[in-house]
Each structure stands twice: as structure tokens, then as C-alpha cells.
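Pasting model18.txt here (compact mmCIF, C-alpha atoms):
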```txt
# COMPACT_ATOMS: atom_id res chain seq x y z
CA MET S 132 172.76 -38.07 181.59
CA PRO S 133 175.80 -35.76 181.53
CA GLN S 134 178.56 -36.58 183.99
CA LEU S 135 180.74 -34.24 186.03
CA LEU S 136 184.04 -35.69 187.22
CA ILE S 137 185.62 -34.14 190.31
CA VAL S 138 189.31 -35.02 190.46
CA HIS S 139 190.98 -34.01 193.70
CA HIS S 140 193.97 -34.37 195.98
CA THR S 141 192.74 -33.79 199.51
CA PRO S 142 195.50 -34.11 202.12
CA SER S 143 194.19 -31.51 204.59
CA PRO S 144 191.02 -30.56 206.49
CA ALA S 145 190.80 -27.31 204.48
CA LEU S 146 190.81 -29.19 201.18
CA GLN S 147 188.32 -31.72 202.56
CA ALA S 148 185.91 -28.89 203.39
CA MET S 149 186.42 -27.40 199.94
CA LEU S 150 185.82 -30.78 198.25
CA GLU S 151 182.63 -31.36 200.21
CA ALA S 152 181.36 -27.91 199.25
CA VAL S 153 182.14 -28.50 195.55
CA ARG S 154 180.39 -31.87 195.68
CA SER S 155 177.35 -30.33 197.39
CA GLY S 156 177.15 -27.58 194.79
CA ALA S 157 177.42 -30.04 191.92
CA ARG S 158 174.64 -32.11 193.51
CA ASP S 159 172.35 -29.15 194.13
CA PRO S 160 168.73 -30.39 193.79
CA GLU S 161 168.16 -27.99 190.88
CA LEU S 162 170.90 -29.83 188.97
CA SER S 163 169.42 -33.31 189.29
CA GLY S 164 170.10 -34.00 185.62
CA VAL S 165 173.85 -34.28 186.21
CA GLU S 166 175.61 -37.37 187.49
CA VAL S 167 178.57 -36.54 189.75
CA ALA S 168 181.60 -38.81 190.08
CA VAL S 169 184.33 -38.03 192.63
CA LYS S 170 187.79 -39.54 192.24
CA PRO S 171 191.06 -39.00 194.07
CA ALA S 172 193.69 -37.82 191.60
CA LEU S 173 195.76 -40.99 192.06
CA ALA S 174 192.73 -43.17 191.24
CA ALA S 175 191.24 -41.26 188.28
CA THR S 176 191.90 -42.95 184.94
CA VAL S 177 191.49 -42.50 181.22
CA PRO S 178 188.06 -44.23 181.22
CA ASP S 179 186.91 -41.82 183.96
CA VAL S 180 187.86 -38.84 181.81
CA LEU S 181 186.34 -40.32 178.67
CA ALA S 182 183.05 -40.95 180.51
CA ALA S 183 182.86 -37.37 181.79
CA ASP S 184 181.42 -34.30 180.12
CA GLY S 185 182.89 -31.72 182.51
CA PHE S 186 185.49 -31.50 185.24
CA VAL S 187 186.29 -29.91 188.58
CA LEU S 188 189.90 -30.13 189.69
CA GLY S 189 191.08 -29.64 193.26
CA THR S 190 194.65 -29.41 194.53
CA PRO S 191 196.85 -27.98 197.22
CA ALA S 192 199.57 -25.58 196.14
CA ASN S 193 202.77 -27.43 197.01
CA ILE S 194 206.05 -25.56 196.74
CA GLY S 195 204.62 -23.30 194.06
CA TYR S 196 203.00 -26.07 192.00
CA MET S 197 199.97 -28.37 191.86
CA SER S 198 200.16 -31.53 193.92
CA GLY S 199 202.17 -34.44 192.57
CA ALA S 200 198.96 -36.47 192.64
CA LEU S 201 197.14 -34.10 190.27
CA LYS S 202 200.23 -33.93 188.06
CA HIS S 203 200.23 -37.75 187.95
CA PHE S 204 196.57 -37.65 186.88
CA PHE S 205 197.42 -35.33 184.00
CA ASP S 206 200.48 -37.40 183.05
CA THR S 207 198.23 -40.47 182.86
CA VAL S 208 195.33 -39.00 180.88
CA TYR S 209 196.88 -36.23 178.77
CA TYR S 210 197.71 -38.01 175.51
CA PRO S 211 194.95 -40.64 175.56
CA CYS S 212 192.35 -37.91 176.15
CA LEU S 213 194.03 -35.03 174.33
CA GLU S 214 191.35 -34.42 171.70
CA ALA S 215 188.49 -36.42 173.18
CA LYS S 216 187.13 -33.71 175.50
CA ALA S 217 187.88 -30.48 173.64
CA GLY S 218 185.52 -27.75 174.82
CA ALA S 219 184.59 -29.56 178.03
CA PRO S 220 183.77 -27.15 180.87
CA TYR S 221 185.99 -27.18 183.91
CA GLY S 222 186.55 -25.41 187.21
CA LEU S 223 189.46 -25.37 189.65
CA TYR S 224 189.93 -24.90 193.37
CA VAL S 225 193.32 -24.52 195.05
CA HIS S 226 194.37 -24.20 198.68
CA GLY S 227 197.81 -22.99 199.69
CA ALA S 228 199.58 -21.82 202.80
CA SER S 229 200.69 -18.55 201.24
CA ASP S 230 200.46 -18.57 197.43
CA THR S 231 198.48 -20.40 194.75
CA THR S 232 199.86 -18.70 191.63
CA GLY S 233 202.16 -21.47 190.42
CA ALA S 234 199.57 -24.21 190.92
CA VAL S 235 196.96 -22.25 188.98
CA ARG S 236 199.40 -21.48 186.17
CA ALA S 237 200.38 -25.16 185.86
CA VAL S 238 196.83 -26.51 185.82
CA THR S 239 195.64 -23.81 183.45
CA SER S 240 198.47 -24.56 181.03
CA ILE S 241 197.67 -28.27 180.93
CA VAL S 242 193.90 -27.95 180.55
CA LYS S 243 194.38 -25.33 177.86
CA GLY S 244 196.48 -27.87 175.99
CA MET S 245 193.66 -30.39 176.38
CA GLY S 246 191.17 -27.88 175.02
CA TRP S 247 188.98 -27.68 178.11
CA SER S 248 187.04 -24.45 178.71
CA GLU S 249 187.15 -22.58 182.02
CA VAL S 250 183.54 -21.69 182.85
CA VAL S 251 184.07 -20.17 186.29
CA ASN S 252 186.94 -18.35 187.97
CA PRO S 253 189.11 -20.58 190.16
CA VAL S 254 188.51 -20.60 193.89
CA LEU S 255 191.85 -19.70 195.45
CA VAL S 256 192.30 -19.92 199.20
CA THR S 257 195.38 -19.19 201.26
CA GLY S 258 195.44 -19.94 204.95
CA GLU S 259 192.18 -20.87 206.63
CA ALA S 260 189.35 -22.08 204.41
CA GLY S 261 186.35 -20.47 206.06
CA LYS S 262 182.68 -20.12 205.18
CA ASP S 263 183.40 -17.76 202.26
CA ALA S 264 185.66 -20.37 200.67
CA GLU S 265 183.04 -23.07 201.19
CA ARG S 266 180.34 -20.87 199.61
CA ASP S 267 182.63 -20.12 196.66
CA CYS S 268 183.38 -23.84 196.23
CA TYR S 269 179.67 -24.66 196.34
CA GLU S 270 179.11 -22.12 193.55
CA LEU S 271 182.04 -23.53 191.58
CA GLY S 272 180.59 -27.04 191.67
CA ALA S 273 177.10 -25.80 190.81
CA THR S 274 178.34 -23.62 187.95
CA VAL S 275 180.32 -26.36 186.24
CA ALA S 276 177.43 -28.81 186.69
CA ALA S 277 174.94 -26.28 185.30
CA ASN S 278 177.09 -25.95 182.18
CA LEU S 279 176.39 -29.60 181.47
CA LEU S 280 172.61 -29.16 181.35
```
Now, as a test, write the supplied structure out as C-alpha cells.
Amino acid sequence: MPQLLIVHHTPSPALQAMLEAVRSGARDPELSGVEVAVKPALAATVPDVLAADGFVLGTPANIGYMSGALKHFFDTVYYPCLEAKAGAPYGLYVHGASDTTGAVRAVTSIVKGMGWSEVVNPVLVTGEAGKDAERDCYELGATVAANLL
């Protein structure tokens, strides 16, 4: 069974709501053929990445960059997994107080280097994460999961 790995840093209620929506979308009943694993960025490891077939990444935008936790994840898995998951589908969601540009640029640069393939536009939220953001996150999770079937 294909596995989707959701790697996240969730320090706020807005990001928690976004994570829950992504997880719900990935576990949509129509996608029952996909196993979903959820790991905090500081706990996700090389074996987690090697076991996965696709990825969803979630981060706050901190001072114009991804969270230190997600950066640590990439620092840990980049070289050991560099060629192992080329072509793997991925999606990204980012929450920021005012701007998400730098975080998106940083994540996109790293996953491009790893050879992962963006299969859905990132969900970018500034300020309040309302129902529209939750719907978009649900779709993000479902879309990446559907690419594994």
C-alpha cells in the first residue's frame, strides 16, 4: 500500500487546523488505498522518508523562512534520501502573519534538489486560517494522496 508522509511543524492553532484538514483530506474514504503517516518535523527521520511514496509538508513562515524544525528535517534527510525518492509527489502548506514568500522559496528549492514533484499548488495563508484555508488544505491532502493511487 502506498504511504503518504505528512511532515509538519505546528506551533499555533491556525497550523493545527490546517494540519487536521490535510490529514482529513489524505484520509478521505475514497482514498482508502493510501496509508497516511503524520510526523512532527523534529521527529521525522530518514527511515520515515524512505518508507514514504509521497509527502505533504507544513510550516509556519518565520522571519521570512520555513520553521527551524522543518529545516532540521531537511538537514537530516537530504543527503541520505537525495536520490531515493526522485519524482515523489509532494504538497506544501504555509501559514504566516504577513508573508509566506521566503518560506515557500526555501522549501521549493530544497525539494527541487531532492527531485520531488509538486502535484498541487501550495496552500498559503496569512493571518486567520478560516474555512477557506481548511477546505484548501483538505484538497491538498486529498490531491497528494490521490497521486499515490
Ref. answer, residues at most 12 Å from (191.0, -25.9, 171.5) with all atoms listed in the file, as number ranges by chain: S: 213-220, 241-249
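When atom CA of S:Ala157 is paired with atom CA of S:Ala175, their separation reads 18.2 Å.
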Put the listed atoms of stretch 244-255 of chain S in a box along x, y and z with 5 Å added on every side and give me the centre and edge lengths in Å to one decimal, as lines of an AutoDock Vina configuration file.
```
center_x = 190.0
center_y = -24.4
center_z = 185.2
size_x = 22.9
size_y = 22.0
size_z = 30.4
```
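The interatomic distance for the pair atom CA of S:Gly258 and atom CA of S:Phe205 works out to 26.1 Å.
Of the residues listed (S:Val165, S:Leu255, S:Met197, S:Val225), S:Val165 shows the shortest atom-to-atom separation from S:Ala183; distances use all atoms listed in the file.
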Nearby residues (only C-alpha atoms) at most 7 Å from S:Val138, same-chain spacing under 2 positions excluded, as a PyMOL selection string: chain S and resi 136+169-172+175+187-189
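Minimum atom-to-atom distances from S:Ile137, S:Leu280, S:Val235, S:Ala168 to S:Ser198 were compared using all atoms listed in the file, and the lowest value belongs to S:Val235.
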Distance criterion (all atoms listed in the file): nearest to S:Ser229 out of S:Pro191, S:Thr207, S:Pro253, S:Ala264: S:Pro191
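The residue set within 8 Å of stretch 267-269 of chain S, counting only C-alpha atoms and dropping same-chain residues fewer than 6 places from it, reads Met149, Leu150, Ala152, Val153, Arg154, Ser155, Gly156, Ala157, Tyr224 and Val254 of chain S.
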Keeping only C-alpha atoms, write the selected residues as a compact mmCIF listing (two decimals), in the coordinates of the input.
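Below is the file selection27.txt, written as the result:
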```txt
# COMPACT_ATOMS: atom_id res chain seq x y z
CA MET S 149 186.42 -27.40 199.94
CA LEU S 150 185.82 -30.78 198.25
CA ALA S 152 181.36 -27.91 199.25
CA VAL S 153 182.14 -28.50 195.55
CA ARG S 154 180.39 -31.87 195.68
CA SER S 155 177.35 -30.33 197.39
CA GLY S 156 177.15 -27.58 194.79
CA ALA S 157 177.42 -30.04 191.92
CA TYR S 224 189.93 -24.90 193.37
CA VAL S 254 188.51 -20.60 193.89
```
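Nearest residue to S:Gly272 among S:Pro144, S:Gly185, S:Gly233, S:Gly227 is S:Gly185, counting only C-alpha atoms.
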One-decimal distance in Å that lies between atom CA of S:Val238 and atom CA of S:Asn278: 20.1 Å
